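Asker: The following file, coords-v6.cif, comprises mmCIF, C-alpha atoms and all ligand atoms:
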```
data_query
#
loop_
_atom_site.label_atom_id
_atom_site.label_comp_id
_atom_site.auth_asym_id
_atom_site.auth_seq_id
_atom_site.Cartn_x
_atom_site.Cartn_y
_atom_site.Cartn_z
CA MET A 7 14.11 -2.28 -23.91
CA GLU A 8 16.37 -3.33 -21.08
CA GLU A 9 17.61 -6.87 -21.61
CA ALA A 10 16.38 -8.78 -18.56
CA ARG A 11 13.28 -6.81 -17.56
CA PRO A 12 9.67 -7.25 -18.70
CA SER A 13 8.18 -4.29 -20.53
CA ARG A 14 6.65 -1.73 -18.19
CA THR A 15 4.83 -0.06 -21.03
CA ALA A 16 3.10 -3.39 -21.73
CA LEU A 17 1.77 -3.31 -18.15
CA ARG A 18 0.58 0.28 -18.53
CA VAL A 19 -1.29 -0.53 -21.74
CA ALA A 20 -2.89 -3.59 -20.11
CA LEU A 21 -3.93 -1.51 -17.07
CA ARG A 22 -5.76 0.90 -19.39
CA ARG A 23 -7.52 -1.87 -21.28
CA ALA A 24 -8.62 -3.28 -17.92
CA ALA A 25 -9.70 0.17 -16.66
CA HIS A 26 -11.85 0.47 -19.79
CA GLN A 27 -13.74 -2.70 -18.77
CA LEU A 28 -14.34 -1.39 -15.25
CA TYR A 29 -14.87 2.35 -15.52
CA ASP A 30 -16.04 3.38 -19.01
CA ALA A 31 -19.66 3.57 -20.17
CA ARG A 32 -21.31 0.79 -22.17
CA PRO A 33 -21.06 -0.14 -24.96
CA LEU A 34 -17.35 -0.81 -24.56
CA VAL A 35 -15.09 -0.11 -27.51
CA LEU A 36 -13.05 -3.20 -26.65
CA ASP A 37 -15.04 -5.88 -24.89
CA ASP A 38 -12.31 -7.96 -23.25
CA PRO A 39 -13.41 -10.19 -20.36
CA ILE A 40 -9.80 -11.36 -19.83
CA ALA A 41 -8.29 -7.85 -19.47
CA VAL A 42 -8.98 -7.66 -15.72
CA PRO A 43 -8.34 -11.31 -14.71
CA ILE A 44 -4.93 -11.41 -16.44
CA LEU A 45 -3.69 -8.70 -14.05
CA GLY A 46 -4.93 -10.68 -11.04
CA ASP A 47 -4.23 -9.60 -7.47
CA THR A 48 -0.69 -8.65 -8.48
CA TYR A 49 -1.81 -5.40 -10.10
CA ALA A 50 -5.26 -4.90 -8.49
CA GLU A 51 -4.18 -1.83 -6.54
CA GLU A 52 -2.55 -0.24 -9.58
CA LEU A 53 -5.68 -0.92 -11.59
CA ARG A 54 -7.83 0.78 -8.96
CA ARG A 55 -5.71 3.95 -9.28
CA THR A 56 -5.32 3.87 -13.07
CA PRO A 57 -8.17 6.12 -14.33
CA MET A 58 -7.90 8.76 -11.61
CA ARG A 59 -4.25 9.77 -11.79
CA PRO A 60 -4.29 13.58 -11.48
CA ASP A 61 -0.76 13.76 -12.90
CA ARG A 62 -2.02 12.37 -16.21
CA PRO A 63 -4.36 14.89 -17.80
CA PHE A 64 -4.22 13.18 -21.15
CA SER A 65 -5.13 9.85 -19.60
CA VAL A 66 -8.64 9.55 -21.08
CA GLY A 67 -7.39 10.31 -24.59
CA LEU A 68 -4.59 7.80 -24.22
CA ARG A 69 -6.97 5.11 -22.93
CA ALA A 70 -9.22 5.78 -25.91
CA PHE A 71 -6.29 5.40 -28.28
CA LEU A 72 -5.22 2.12 -26.68
CA VAL A 73 -8.63 0.44 -26.62
CA ALA A 74 -9.44 1.58 -30.16
CA ARG A 75 -6.07 0.28 -31.35
CA SER A 76 -6.84 -3.27 -30.19
CA ARG A 77 -10.38 -3.00 -31.56
CA TYR A 78 -9.05 -1.82 -34.93
CA ALA A 79 -6.63 -4.76 -35.03
CA GLU A 80 -9.38 -7.25 -34.20
CA ASP A 81 -11.84 -5.72 -36.68
CA THR A 82 -9.19 -5.90 -39.42
CA LEU A 83 -8.28 -9.44 -38.38
CA ALA A 84 -11.95 -10.41 -38.83
CA ARG A 85 -11.73 -9.21 -42.45
CA ALA A 86 -8.52 -11.18 -42.95
CA VAL A 87 -10.08 -14.35 -41.54
CA ALA A 88 -13.13 -13.90 -43.79
CA GLN A 89 -10.66 -13.81 -46.72
CA GLY A 90 -9.05 -17.08 -45.64
CA VAL A 91 -6.20 -16.10 -43.31
CA THR A 92 -5.40 -18.90 -40.83
CA GLN A 93 -2.37 -17.50 -38.96
CA TYR A 94 -2.29 -14.48 -36.66
CA VAL A 95 1.07 -13.19 -35.43
CA LEU A 96 1.12 -10.61 -32.63
CA LEU A 97 4.46 -8.84 -32.74
CA GLY A 98 5.30 -7.45 -29.28
CA ALA A 99 2.17 -9.05 -27.82
CA GLY A 100 2.57 -7.73 -24.27
CA LEU A 101 -0.49 -8.69 -22.21
CA ASP A 102 -2.78 -8.86 -25.25
CA THR A 103 -5.58 -11.35 -24.52
CA PHE A 104 -6.88 -12.10 -28.02
CA ALA A 105 -5.55 -15.68 -27.91
CA HIS A 106 -7.76 -16.31 -24.86
CA ARG A 107 -10.83 -14.98 -26.68
CA ASN A 108 -10.09 -16.34 -30.16
CA PRO A 109 -13.48 -17.04 -31.78
CA TYR A 110 -11.95 -18.61 -34.94
CA GLN A 111 -11.39 -22.35 -34.59
CA GLN A 112 -9.05 -22.55 -37.59
CA LEU A 113 -6.88 -19.56 -36.57
CA ARG A 114 -3.41 -20.32 -35.17
CA VAL A 115 -2.01 -17.56 -32.99
CA PHE A 116 1.70 -16.80 -32.54
CA GLU A 117 2.62 -14.38 -29.78
CA VAL A 118 6.04 -12.92 -30.46
CA ASP A 119 7.59 -10.83 -27.70
CA HIS A 120 10.78 -9.91 -25.96
CA PRO A 121 11.76 -12.98 -23.88
CA ALA A 122 11.58 -11.15 -20.53
CA THR A 123 8.09 -9.76 -21.25
CA GLN A 124 6.80 -13.11 -22.50
CA GLN A 125 8.09 -14.94 -19.44
CA TRP A 126 6.36 -12.40 -17.15
CA LYS A 127 3.09 -12.75 -19.07
CA ARG A 128 3.21 -16.53 -18.75
CA GLU A 129 3.80 -16.22 -15.01
CA LEU A 130 0.83 -13.84 -14.66
CA LEU A 131 -1.38 -16.25 -16.60
CA GLU A 132 -0.33 -19.09 -14.34
CA ILE A 133 -1.03 -17.08 -11.19
CA SER A 134 -4.44 -16.04 -12.46
CA GLY A 135 -5.30 -19.65 -13.38
CA LEU A 136 -6.48 -18.81 -16.89
CA PRO A 137 -6.52 -21.89 -19.14
CA ALA A 138 -3.88 -22.07 -21.89
CA PRO A 139 -5.48 -21.52 -25.32
CA ALA A 140 -5.19 -24.53 -27.63
CA ASN A 141 -4.13 -22.64 -30.76
CA LEU A 142 -1.46 -20.41 -29.20
CA THR A 143 2.31 -20.68 -29.69
CA TYR A 144 4.73 -18.43 -27.79
CA VAL A 145 7.75 -17.19 -29.74
CA PRO A 146 10.36 -15.30 -27.71
CA VAL A 147 12.25 -12.83 -29.94
CA ASP A 148 14.24 -9.65 -29.34
CA PHE A 149 13.64 -7.66 -32.56
CA GLU A 150 16.94 -5.80 -32.10
CA ARG A 151 19.08 -8.92 -31.77
CA GLN A 152 17.32 -11.96 -33.18
CA SER A 153 15.89 -13.08 -36.49
CA LEU A 154 12.10 -12.98 -36.44
CA SER A 155 12.03 -15.26 -39.45
CA GLU A 156 14.19 -17.98 -37.85
CA GLN A 157 12.32 -17.91 -34.55
CA LEU A 158 8.89 -18.01 -36.18
CA HIS A 159 9.84 -20.83 -38.52
CA SER A 160 11.25 -22.93 -35.73
CA ALA A 161 7.98 -22.37 -33.82
CA GLY A 162 5.97 -23.93 -36.67
CA PHE A 163 4.91 -20.79 -38.58
CA ASN A 164 3.84 -21.69 -42.11
CA PRO A 165 5.21 -19.20 -44.69
CA ALA A 166 3.14 -20.80 -47.46
CA VAL A 167 -0.19 -19.42 -46.26
CA PRO A 168 -1.34 -15.79 -45.82
CA THR A 169 -0.91 -14.39 -42.33
CA PHE A 170 -2.26 -11.43 -40.44
CA PHE A 171 0.25 -9.49 -38.30
CA ALA A 172 -0.58 -7.06 -35.49
CA TRP A 173 2.22 -4.78 -34.39
CA LEU A 174 0.63 -2.62 -31.73
CA GLY A 175 2.49 -0.18 -29.54
CA VAL A 176 5.89 -1.36 -30.67
CA VAL A 177 7.10 0.75 -33.61
CA PRO A 178 7.97 3.89 -31.58
CA TYR A 179 10.29 1.84 -29.35
CA LEU A 180 12.39 0.38 -32.17
CA THR A 181 15.40 1.48 -34.17
CA LEU A 182 14.77 2.18 -37.84
CA ALA A 183 16.87 -0.90 -38.69
CA ALA A 184 14.70 -3.21 -36.55
CA PHE A 185 11.53 -1.65 -37.98
CA ARG A 186 12.72 -2.17 -41.56
CA SER A 187 13.88 -5.72 -41.04
CA THR A 188 10.45 -6.67 -39.64
CA ILE A 189 8.62 -4.89 -42.47
CA ASN A 190 10.86 -6.66 -45.00
CA PHE A 191 10.04 -9.99 -43.39
CA ILE A 192 6.29 -9.29 -43.60
CA ALA A 193 6.63 -8.04 -47.19
CA ALA A 194 8.16 -11.42 -48.12
CA GLN A 195 5.07 -13.39 -46.98
CA SER A 196 2.33 -14.88 -49.18
CA HIS A 197 -0.26 -12.95 -51.16
CA GLY A 198 -3.21 -12.07 -48.91
CA THR A 199 -1.01 -11.31 -45.89
CA GLY A 200 -1.95 -8.19 -43.94
CA VAL A 201 -0.51 -6.10 -41.14
CA VAL A 202 -1.96 -3.58 -38.73
CA LEU A 203 0.27 -1.25 -36.76
CA ASP A 204 0.15 2.08 -34.99
CA TYR A 205 2.73 4.80 -35.14
CA SER A 206 3.26 8.33 -33.89
CA GLN A 207 4.09 11.51 -35.70
CA PRO A 208 7.30 13.37 -34.80
CA ARG A 209 7.12 16.21 -32.27
CA SER A 210 7.92 18.72 -35.01
CA ALA A 211 4.69 17.81 -36.83
CA LEU A 212 2.46 18.52 -33.80
CA PRO A 213 0.71 21.71 -32.64
CA LEU A 214 1.99 23.29 -29.40
CA LEU A 215 -0.39 21.69 -26.88
CA GLU A 216 0.26 18.27 -28.38
CA LYS A 217 4.01 18.89 -28.19
CA LEU A 218 3.53 19.17 -24.40
CA ALA A 219 1.52 15.93 -24.28
CA HIS A 220 4.21 14.28 -26.40
CA ASP A 221 6.95 15.52 -24.03
CA SER A 222 5.08 14.23 -20.98
CA LEU A 223 4.53 10.76 -22.47
CA SER A 224 8.10 10.61 -23.81
CA ALA A 225 9.46 11.45 -20.36
CA ARG A 226 7.37 8.70 -18.77
CA VAL A 227 8.39 5.95 -21.18
CA GLN A 228 12.01 7.09 -20.91
CA LEU A 229 11.75 6.75 -17.11
CA ALA A 230 10.29 3.27 -17.64
CA GLY A 231 13.50 2.38 -19.51
CA GLU A 232 11.73 2.19 -22.90
CA PRO A 233 12.44 5.48 -24.68
CA PHE A 234 10.64 6.42 -27.89
CA GLN A 235 13.06 6.34 -30.79
CA LEU A 236 11.05 6.16 -34.00
CA PHE A 237 8.44 8.53 -35.43
CA PHE A 238 7.01 8.95 -38.91
CA THR A 239 4.83 11.45 -40.71
CA PRO A 240 2.12 9.72 -42.79
CA SER A 241 4.09 10.33 -45.99
CA GLU A 242 7.31 8.97 -44.45
CA MET A 243 5.42 5.88 -43.31
CA ALA A 244 3.86 5.42 -46.76
CA SER A 245 7.31 5.47 -48.32
CA GLU A 246 8.40 2.61 -46.00
CA LEU A 247 5.47 0.47 -47.18
CA THR A 248 5.71 0.60 -50.97
CA ALA A 249 5.76 -3.22 -51.17
CA PHE A 250 2.16 -3.29 -49.90
CA ARG A 251 -1.26 -2.38 -51.36
CA ASP A 252 -4.59 -1.05 -50.06
CA MET A 253 -3.16 1.11 -47.29
CA GLU A 254 -5.55 2.55 -44.73
CA ASP A 255 -3.91 5.15 -42.47
CA ILE A 256 -6.30 6.84 -40.05
CA GLY A 257 -5.92 9.55 -37.42
CA SER A 258 -8.02 10.73 -34.50
CA PHE A 259 -10.77 12.29 -36.64
CA GLU A 260 -11.57 9.00 -38.39
CA ILE A 261 -10.92 6.91 -35.26
CA ASN A 262 -13.31 9.04 -33.17
CA ALA A 263 -15.97 8.87 -35.88
CA ARG A 264 -15.60 5.09 -36.18
CA TYR A 265 -15.33 4.07 -32.52
CA PHE A 266 -16.37 6.92 -30.22
CA ALA A 267 -19.41 8.56 -31.85
CA ASN A 268 -22.52 9.02 -29.69
CA ARG A 269 -20.96 7.89 -26.41
CA SER A 270 -22.51 8.88 -23.11
CA ASP A 271 -19.05 9.45 -21.56
CA ASN A 272 -16.16 11.62 -22.74
CA LEU A 273 -14.01 8.74 -23.95
CA ARG A 274 -12.43 9.74 -27.26
CA MET A 275 -9.02 10.23 -28.79
CA LEU A 276 -7.31 13.58 -28.48
CA GLY A 277 -4.74 15.17 -30.73
CA SER A 278 -3.18 14.12 -33.99
CA ALA A 279 -0.01 12.27 -32.93
CA GLY A 280 -1.12 8.63 -33.00
CA ARG A 281 -2.32 6.86 -36.13
CA PHE A 282 -3.51 3.35 -37.07
CA LEU A 283 -2.52 1.75 -40.31
CA SER A 284 -3.27 -1.45 -42.20
CA VAL A 285 -1.74 -2.73 -45.46
CA TRP A 286 -1.95 -5.92 -47.51
CA LEU A 287 0.11 -7.99 -49.91
C1 LIG A 301 3.70 -0.80 -25.26
S1 LIG A 301 3.91 -2.51 -25.22
C2 LIG A 301 2.58 -3.05 -26.28
C3 LIG A 301 2.16 -4.44 -25.99
C4 LIG A 301 0.95 -4.96 -26.76
N1 LIG A 301 1.16 -4.97 -28.19
C5 LIG A 301 -0.31 -4.22 -26.41
O1 LIG A 301 -0.85 -3.49 -27.24
O2 LIG A 301 -0.75 -4.39 -25.25
C6 LIG A 301 5.37 -2.75 -26.20
C7 LIG A 301 5.71 -4.20 -26.46
O3 LIG A 301 6.83 -4.23 -27.36
C8 LIG A 301 7.72 -5.21 -26.92
N2 LIG A 301 9.06 -4.85 -27.40
C9 LIG A 301 9.67 -3.65 -27.32
N3 LIG A 301 10.93 -3.73 -27.82
C10 LIG A 301 11.07 -5.02 -28.24
C11 LIG A 301 12.11 -5.74 -28.84
N4 LIG A 301 13.28 -5.16 -29.09
N5 LIG A 301 11.94 -7.06 -29.13
C12 LIG A 301 10.75 -7.65 -28.85
N6 LIG A 301 9.71 -7.02 -28.29
C13 LIG A 301 9.88 -5.72 -27.98
C14 LIG A 301 7.62 -5.20 -25.41
O4 LIG A 301 8.07 -6.41 -24.83
C15 LIG A 301 6.12 -4.98 -25.22
O5 LIG A 301 5.42 -6.20 -25.18
#
```
Taking this structure as input, can you express it in the form of structure tokens?
Answerer:
Amino acid sequence: MEEARPSRTALRVALRRAAHQLYDARPLVLDDPIAVPILGDTYAEELRRTPMRPDRPFSVGLRAFLVARSRYAEDTLARAVAQGVTQYVLLGAGLDTFAHRNPYQQLRVFEVDHPATQQWKRELLEISGLPAPANLTYVPVDFERQSLSEQLHSAGFNPAVPTFFAWLGVVPYLTLAAFRSTINFIAAQSHGTGVVLDYSQPRSALPLLEKLAHDSLSARVQLAGEPFQLFFTPSEMASELTAFRDMEDIGSFEINARYFANRSDNLRMLGSAGRFLSVWL
């Protein structure tokens, strides 16, 4: 990411979550009443255009991936909370709105993000007049330059209790060193800690049509100043996570069966590039 600029990919993801609320058939995969208000008047025109962009033929599949990703994180968080987790850390939170919809009174939420993105989010929240959630702490961190551990601890994070981490839409943008240092930090947390993340397979692992979709998306994020740098095959990812147990790693077949079966619209994931994963300590 560029040093002083908020993440543009975070805006694009948030626009798609908001478009899901407005344009997709019921039942929604991600029911998020804050997704539209957080964008306010500032991005209303962009939101109006979001689902109809003719230059984005893979748009529906990408929107499906993005809404299912947040839903998967929140479904897995619910399991973690039922098992006694009381801290939720969103790594690279972007415009995620969970903290504003948090149904768990005892759950403390830490939103970790690049300082420029976090500042922009806080400004958007102020403009839109949304009330500040009681259990939320903001933690500005640049994963490439700062210690996640130090910043979280100075924000009041408790390392003595199990925590659930969500790391959504961030891994492909990191260096391998930044990815590993964050995984090592999570692996050092208490028993019962869990993490959910998504990752993408390398171009070489994809069939031809998906290579073209990959090239188109790569070109767009590169233009946004946030180039993809990190891909894994499922077996490469598994070998990064040997410190964890109970891995679930699912691709579009399982995701479509779980979240998009029997819909009256054509919302569903396409292709095999993107995967969701959860692991536990
Ligand atoms: C595609 S957005 C995803 C945002 C959010 N997780 C979501 O699903 O809406 C990528 C996020 O990663 C964050 N990010 C990327 N590189 C980062 C870095 N080096 N340090 C901290 N955050 C970073 C960006 O600020 C942005 O919020």
Asker: Check which residues of chain A sit at most 9 Å from ligand LIG 301 (chain A) using all atoms listed in the file, and return one row each with the closest pair of atoms and their distance in Å to one decimal, ordered by chain and rising number, as a tab-separated table.
Answerer:
```
residue	atom	partner	partner_atom	distance
A:Met7	CA	A:LIG301	N3	5.2
A:Glu8	CA	A:LIG301	N3	8.7
A:Glu9	CA	A:LIG301	N4	8.8
A:Arg11	CA	A:LIG301	O4	9.0
A:Pro12	CA	A:LIG301	O4	6.4
A:Ser13	CA	A:LIG301	O4	4.8
A:Arg14	CA	A:LIG301	S1	7.6
A:Thr15	CA	A:LIG301	C1	4.4
A:Ala16	CA	A:LIG301	S1	3.7
A:Leu17	CA	A:LIG301	S1	7.4
A:Arg18	CA	A:LIG301	C1	7.5
A:Val19	CA	A:LIG301	O2	5.2
A:Ala20	CA	A:LIG301	O2	5.6
A:Arg23	CA	A:LIG301	O2	8.2
A:Leu72	CA	A:LIG301	O1	7.1
A:Val73	CA	A:LIG301	O1	8.7
A:Arg75	CA	A:LIG301	O1	7.6
A:Ser76	CA	A:LIG301	O1	6.7
A:Leu96	CA	A:LIG301	N1	7.2
A:Leu97	CA	A:LIG301	N1	6.8
A:Gly98	CA	A:LIG301	O3	4.0
A:Ala99	CA	A:LIG301	N1	4.2
A:Gly100	CA	A:LIG301	O5	3.4
A:Leu101	CA	A:LIG301	O2	5.3
A:Asp102	CA	A:LIG301	O2	4.9
A:Thr103	CA	A:LIG301	O2	8.5
A:Val118	CA	A:LIG301	C12	7.2
A:Asp119	CA	A:LIG301	N6	4.4
A:His120	CA	A:LIG301	C12	3.7
A:Pro121	CA	A:LIG301	C12	7.4
A:Ala122	CA	A:LIG301	O4	7.3
A:Thr123	CA	A:LIG301	O4	4.9
A:Gln124	CA	A:LIG301	O4	7.2
A:Pro146	CA	A:LIG301	C12	7.7
A:Val147	CA	A:LIG301	C12	5.5
A:Asp148	CA	A:LIG301	N5	3.5
A:Phe149	CA	A:LIG301	N5	3.9
A:Glu150	CA	A:LIG301	N4	4.8
A:Arg151	CA	A:LIG301	N4	7.4
A:Gln152	CA	A:LIG301	N5	8.3
A:Ala172	CA	A:LIG301	N1	7.8
A:Trp173	CA	A:LIG301	N1	6.3
A:Leu174	CA	A:LIG301	N1	4.3
A:Gly175	CA	A:LIG301	C2	4.3
A:Val176	CA	A:LIG301	O3	4.5
A:Val177	CA	A:LIG301	O3	8.0
A:Pro178	CA	A:LIG301	C9	8.8
A:Tyr179	CA	A:LIG301	N3	5.8
A:Leu180	CA	A:LIG301	N3	6.2
A:Thr181	CA	A:LIG301	N4	8.6
A:Ala184	CA	A:LIG301	N4	7.8
A:Glu232	CA	A:LIG301	C9	7.6
```
Asker: Can you tell me, as an NGL selection string, what residues are no more than 12 Å from Thr56 (chain A) when counting only C-alpha atoms, ignoring any on the same chain fewer than 2 positions away?
Answerer: :A and (17-26 or 28-29 or 49-54 or 58-62 or 65-66 or 68-69)
Asker: Work out how far apart CA of Ala70 (chain A) and CA of Gly280 (chain A) are and give it in Å to one decimal.
Answerer: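 CA of Gly280 (chain A) lies 11.1 Å from CA of Ala70 (chain A).
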Asker: Residues at most 12 Å from Ser258 (chain A), counting only C-alpha atoms, excluding those fewer than 6 positions away in the same chain, as an NGL selection string?
Answerer: :A and (67-68 or 70-72 or 74-75 or 204 or 206 or 264-267 or 274-282)
Asker: In Å to one decimal, how far is CA of His106 (chain A) from CA of Tyr144 (chain A)?
Answerer: 13.0 Å
